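A.B. asks: Have a peek at work36.cif (mmCIF, C-alpha atoms and all ligand atoms).
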```
data_upload
#
loop_
_atom_site.label_atom_id
_atom_site.label_comp_id
_atom_site.auth_asym_id
_atom_site.auth_seq_id
_atom_site.Cartn_x
_atom_site.Cartn_y
_atom_site.Cartn_z
CA LYS A 1 -17.62 5.36 -15.64
CA GLU A 2 -17.11 4.87 -11.92
CA VAL A 3 -15.79 1.53 -10.79
CA ILE A 4 -17.17 0.39 -7.45
CA PRO A 5 -14.79 -1.96 -5.62
CA PRO A 6 -16.27 -4.93 -3.73
CA LEU A 7 -16.87 -4.32 -0.01
CA GLU A 8 -14.10 -6.80 0.74
CA GLN A 9 -11.55 -4.60 -0.94
CA LEU A 10 -12.72 -1.50 0.90
CA MET A 11 -11.90 -3.24 4.17
CA VAL A 12 -8.37 -4.26 3.26
CA GLU A 13 -6.02 -2.84 5.87
CA LYS A 14 -2.72 -4.09 4.52
CA GLU A 15 -1.41 -6.32 1.77
CA GLY A 16 1.96 -7.45 0.60
CA TYR A 17 4.40 -10.30 0.21
CA LEU A 18 5.93 -12.24 3.11
CA GLN A 19 7.54 -15.61 3.57
CA LYS A 20 5.01 -18.00 5.09
CA ALA A 21 5.15 -21.49 6.56
CA LYS A 22 2.11 -23.27 7.95
CA ILE A 23 3.38 -25.47 10.79
CA ALA A 24 0.16 -26.87 12.27
CA ASP A 25 -3.36 -27.61 11.08
CA GLY A 26 -6.04 -28.06 13.74
CA GLY A 27 -3.30 -28.71 16.29
CA LYS A 28 -1.61 -31.33 14.11
CA LYS A 29 2.04 -30.52 13.31
CA LEU A 30 2.96 -30.11 9.65
CA ARG A 31 6.33 -30.28 7.95
CA LYS A 32 7.67 -26.77 7.63
CA ASN A 33 7.72 -25.54 4.06
CA TRP A 34 8.51 -21.84 3.49
CA SER A 35 7.07 -20.12 0.44
CA THR A 36 6.29 -16.60 -0.70
CA SER A 37 2.69 -15.63 -0.09
CA TRP A 38 0.71 -12.56 -1.06
CA ILE A 39 -1.07 -11.67 2.16
CA VAL A 40 -4.21 -9.60 2.54
CA LEU A 41 -5.23 -8.36 5.99
CA SER A 42 -8.75 -7.10 6.61
CA SER A 43 -10.49 -6.40 9.92
CA GLN A 44 -11.44 -10.00 10.75
CA LYS A 45 -9.25 -12.20 8.63
CA ILE A 46 -6.03 -12.77 6.76
CA GLU A 47 -5.94 -14.33 3.33
CA PHE A 48 -2.85 -16.23 2.20
CA HIS A 49 -2.56 -16.41 -1.57
CA LYS A 50 -0.30 -18.96 -3.23
CA GLU A 51 0.10 -16.90 -6.37
CA SER A 52 1.19 -13.31 -6.95
CA LYS A 53 -1.29 -10.48 -6.52
CA GLN A 54 -1.50 -10.07 -10.29
CA GLN A 55 -2.25 -13.76 -10.83
CA ALA A 56 -4.81 -13.81 -8.01
CA LEU A 57 -6.64 -10.75 -9.35
CA SER A 58 -6.70 -12.13 -12.87
CA MET A 59 -8.35 -15.26 -11.36
CA LYS A 60 -6.60 -17.46 -13.89
CA THR A 61 -5.21 -20.00 -11.48
CA GLY A 62 -8.41 -21.00 -9.69
CA HIS A 63 -6.54 -21.26 -6.40
CA LYS A 64 -8.63 -20.26 -3.43
CA PRO A 65 -6.67 -18.28 -0.86
CA GLU A 66 -6.39 -19.83 2.60
CA SER A 67 -8.58 -17.66 4.80
CA VAL A 68 -7.66 -17.32 8.46
CA ASP A 69 -10.19 -16.09 11.03
CA LEU A 70 -8.51 -13.69 13.43
CA ARG A 71 -11.16 -13.89 16.16
CA GLY A 72 -9.52 -15.47 19.18
CA ALA A 73 -6.17 -15.75 17.38
CA GLN A 74 -2.82 -15.08 19.03
CA ILE A 75 0.32 -13.49 17.65
CA GLU A 76 3.82 -13.65 19.10
CA TRP A 77 7.43 -13.41 18.05
CA ALA A 78 8.88 -16.88 17.51
CA LYS A 79 12.66 -16.57 17.53
CA GLU A 80 13.08 -20.17 18.66
CA LYS A 81 10.96 -21.64 15.85
CA SER A 82 13.31 -20.87 12.98
CA SER A 83 16.90 -20.24 12.00
CA ARG A 84 15.62 -17.21 10.08
CA LYS A 85 15.46 -13.69 11.48
CA ASN A 86 12.23 -11.72 12.00
CA VAL A 87 9.78 -14.58 12.47
CA PHE A 88 6.42 -14.32 14.21
CA GLN A 89 3.68 -16.87 14.70
CA ILE A 90 -0.07 -16.60 14.37
CA THR A 91 -2.09 -19.28 16.15
CA THR A 92 -5.79 -19.43 15.32
CA ALA A 93 -8.60 -20.46 17.67
CA SER A 94 -8.94 -23.60 15.54
CA GLY A 95 -5.33 -24.61 16.16
CA ASN A 96 -3.73 -23.59 12.88
CA GLU A 97 -0.21 -22.20 13.21
CA PHE A 98 1.55 -19.97 10.68
CA LEU A 99 5.04 -18.52 10.71
CA LEU A 100 5.57 -15.28 8.82
CA GLN A 101 8.97 -13.83 7.99
CA SER A 102 10.77 -11.04 6.15
CA ASP A 103 14.46 -10.20 6.09
CA ILE A 104 13.52 -6.52 6.15
CA ASP A 105 13.01 -5.30 9.71
CA PHE A 106 10.46 -2.53 9.11
CA ILE A 107 8.33 -4.73 6.90
CA ILE A 108 7.94 -7.45 9.49
CA LEU A 109 7.38 -4.89 12.29
CA ASP A 110 4.62 -3.18 10.30
CA TRP A 111 2.92 -6.51 9.69
CA PHE A 112 3.25 -7.61 13.30
CA HIS A 113 1.61 -4.43 14.59
CA ALA A 114 -1.11 -4.38 11.92
CA ILE A 115 -2.13 -7.97 12.69
CA LYS A 116 -1.86 -7.48 16.46
CA ASN A 117 -4.07 -4.38 16.26
CA ALA A 118 -6.64 -6.27 14.18
CA ILE A 119 -6.71 -9.15 16.69
CA ASP A 120 -6.95 -6.79 19.69
CA ARG A 121 -9.94 -4.98 18.17
CA LEU A 122 -11.92 -8.20 17.73
CA PRO A 123 -14.07 -9.93 20.35
CA LYS A 124 -12.16 -12.79 21.95
CA ASP A 125 -14.86 -15.44 21.37
C1 LIG A 201 13.42 -27.77 6.85
C2 LIG A 201 13.79 -26.56 6.03
C3 LIG A 201 13.31 -25.30 6.72
C4 LIG A 201 13.87 -25.21 8.15
C5 LIG A 201 13.52 -26.45 8.94
C6 LIG A 201 13.99 -27.71 8.26
O1 LIG A 201 13.94 -28.92 6.22
O2 LIG A 201 15.18 -26.48 5.86
O3 LIG A 201 13.70 -24.16 5.97
O4 LIG A 201 13.27 -24.11 8.77
O5 LIG A 201 14.10 -26.34 10.21
O6 LIG A 201 13.55 -28.84 8.99
P1 LIG A 201 13.11 -29.74 5.11
O7 LIG A 201 13.00 -28.87 3.89
O8 LIG A 201 13.93 -30.95 4.89
O9 LIG A 201 11.76 -30.03 5.69
P2 LIG A 201 13.90 -22.65 8.97
O10 LIG A 201 14.29 -22.16 7.62
O11 LIG A 201 12.76 -21.86 9.55
O12 LIG A 201 15.02 -22.77 9.95
P3 LIG A 201 13.44 -26.78 11.58
O13 LIG A 201 13.16 -28.23 11.47
O14 LIG A 201 14.47 -26.45 12.60
O15 LIG A 201 12.16 -25.98 11.77
#
```
I'd like the structure from this file rewritten - as structure tokens, please.
C.D. replies:
Amino acid sequence: KEVIPPLEQLMVEKEGYLQKAKIADGGKKLRKNWSTSWIVLSSQKIEFHKESKQQALSMKTGHKPESVDLRGAQIEWAKEKSSRKNVFQITTASGNEFLLQSDIDFIILDWFHAIKNAIDRLPKD
């Protein structure tokens, strides 16, 4: 029997684990707190999951992923915002700020370009 994936899943462009720290919410600074996040990029948004992919798909935890609208968002390298290497920042139109990081150069480069391409394809407002 054929399994038809939800539309959402068909639009997934990239997914994987990165280190994530949310540093502002609606323009208000937050205390930096790095944690591993399973990240799902689709054409218009990024979802940050608190749990592993397996846990999220089994839907046992009941955690809703944090969904980030990429329309009007900005992305830039943020060397000065962390003592860690390979950090970039996403700033949403609503004033949320996220740092994303990986120790592995090609992983963070792939993510940077995938998210930048997604943002650049979207209307700016
Ligand atoms: C923060 C924690 C972060 C660190 C941050 C510290 O301390 O050590 O890992 O960020 O540095 O303030 P705490 O856990 O007490 O909040 P980096 O790992 O990105 O350097 P910062 O204040 O210079 O951003």
A.B. asks: Identify which of the residues A:Trp111, A:Phe98, A:Phe106, A:Trp34 lies closest to ligand LIG 201 (chain A), counting all atoms listed in the file when measuring atom-to-atom distances.
C.D. replies: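 Once distances to ligand LIG 201 (chain A) are computed over all atoms listed in the file, the minimum belongs to A:Trp34.
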A.B. asks: Could you pull out the residues sitting within 8 Å of ligand LIG 201 (chain A), using all atoms listed in the file, and write them as number ranges by chain?
C.D. replies: A: 31-34, 81-84
A.B. asks: Please compute the CA of Ala73 (chain A)-CA of Ile119 (chain A) distance, one decimal, in Å.
C.D. replies: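 Computing the Euclidean distance for CA of Ala73 (chain A) and CA of Ile119 (chain A) yields 6.7 Å.
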A.B. asks: Find, counting all atoms listed in the file, the residue in A:Gly26, A:Leu100, A:Ala114, A:Gly62 that gets nearest to Trp38 (chain A).
C.D. replies: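 Using all atoms listed in the file, Trp38 (chain A) sits closest to A:Leu100.
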A.B. asks: Write out as a list of chain:residue names each polymer residue whose atoms come within 7 Å of Leu99 (chain A), counting all atoms listed in the file; drop sequence neighbours fewer than 5 positions from it.
C.D. replies: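 Listed by chain and then number, they are A:Lys20, A:Ala21, A:Lys22, A:Val87, A:Phe88, A:Gln89, A:Ile90.
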A.B. asks: What lies within 9 Å of region 50-58 of chain A using only C-alpha atoms, ignoring chain neighbours under 2 positions off, as a PDB file with C-alpha atoms, keeping the file's coordinate frame?
C.D. replies:
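Dumped everything to around_33.pdb:
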```pdb
ATOM      1  CA  GLY A  16       1.960  -7.450   0.600  1.00  0.00           C
ATOM      2  CA  TYR A  17       4.400 -10.300   0.210  1.00  0.00           C
ATOM      3  CA  SER A  35       7.070 -20.120   0.440  1.00  0.00           C
ATOM      4  CA  THR A  36       6.290 -16.600  -0.700  1.00  0.00           C
ATOM      5  CA  SER A  37       2.690 -15.630  -0.090  1.00  0.00           C
ATOM      6  CA  TRP A  38       0.710 -12.560  -1.060  1.00  0.00           C
ATOM      7  CA  ILE A  39      -1.070 -11.670   2.160  1.00  0.00           C
ATOM      8  CA  PHE A  48      -2.850 -16.230   2.200  1.00  0.00           C
ATOM      9  CA  LYS A  60      -6.600 -17.460 -13.890  1.00  0.00           C
ATOM     10  CA  THR A  61      -5.210 -20.000 -11.480  1.00  0.00           C
ATOM     11  CA  GLY A  62      -8.410 -21.000  -9.690  1.00  0.00           C
ATOM     12  CA  HIS A  63      -6.540 -21.260  -6.400  1.00  0.00           C
ATOM     13  CA  LYS A  64      -8.630 -20.260  -3.430  1.00  0.00           C
ATOM     14  CA  PRO A  65      -6.670 -18.280  -0.860  1.00  0.00           C
ATOM     15  CA  GLU A  66      -6.390 -19.830   2.600  1.00  0.00           C
TER      16      GLU A  66
END
```
A.B. asks: Would you mind reading off the distance between CA of Ile75 (chain A) and CA of Lys116 (chain A), one decimal, in Å?
C.D. replies: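 Rounded to one decimal, the two atoms are 6.5 Å apart.
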A.B. asks: In Å, rounded to a single decimal, give me how far CA of Asn86 (chain A) is from CA of Asp105 (chain A).
C.D. replies: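 Result for CA of Asp105 (chain A) versus CA of Asn86 (chain A): 6.9 Å, one decimal.
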A.B. asks: I need the residue nearest Ile108 (chain A) from this list: A:Gly95, A:Val12, A:Trp77, A:Lys28. Use all atoms listed in the file for the distance.
C.D. replies: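 Smallest separation from Ile108 (chain A) among the options: A:Trp77.
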A.B. asks: Give the answer as one residue: which of A:Asp120, A:Glu2, A:Glu97, A:Asp25 has the shortest atom-to-atom distance to Ala78 (chain A), using all atoms listed in the file?
C.D. replies: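 Among A:Asp120, A:Glu2, A:Glu97, A:Asp25, it is A:Glu97 that comes nearest to Ala78 (chain A).
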A.B. asks: Find the residue from A:Val68, A:Leu18, A:Leu30, A:Ile107 that sits nearest to Ser94 (chain A); use only C-alpha atoms when measuring.
C.D. replies: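 Looking only at the distances to Ser94 (chain A), the closest residue turns out to be A:Val68.
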A.B. asks: When distances are computed from only C-alpha atoms, which of A:Ala24, A:Lys29, A:Lys124, A:Asn96 shows the smallest separation from Arg71 (chain A)?
C.D. replies: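 Residue with the minimum atom-to-atom distance to Arg71 (chain A): A:Lys124.
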A.B. asks: Excluding same-chain residues fewer than 4 positions from Gln44 (chain A), what lies within 7 Å of it counting all atoms listed in the file, as an MDAnalysis selection string?
C.D. replies: chainID A and resid 69:71 118
A.B. asks: With C-alpha atoms retained, export the selected residues as a PDB file, keeping the file's coordinate frame.
C.D. replies:
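Result written to result_39.pdb:
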```pdb
ATOM      1  CA  ASP A  69     -10.190 -16.090  11.030  1.00  0.00           C
ATOM      2  CA  LEU A  70      -8.510 -13.690  13.430  1.00  0.00           C
ATOM      3  CA  ARG A  71     -11.160 -13.890  16.160  1.00  0.00           C
ATOM      4  CA  ALA A 118      -6.640  -6.270  14.180  1.00  0.00           C
TER       5      ALA A 118
END
```
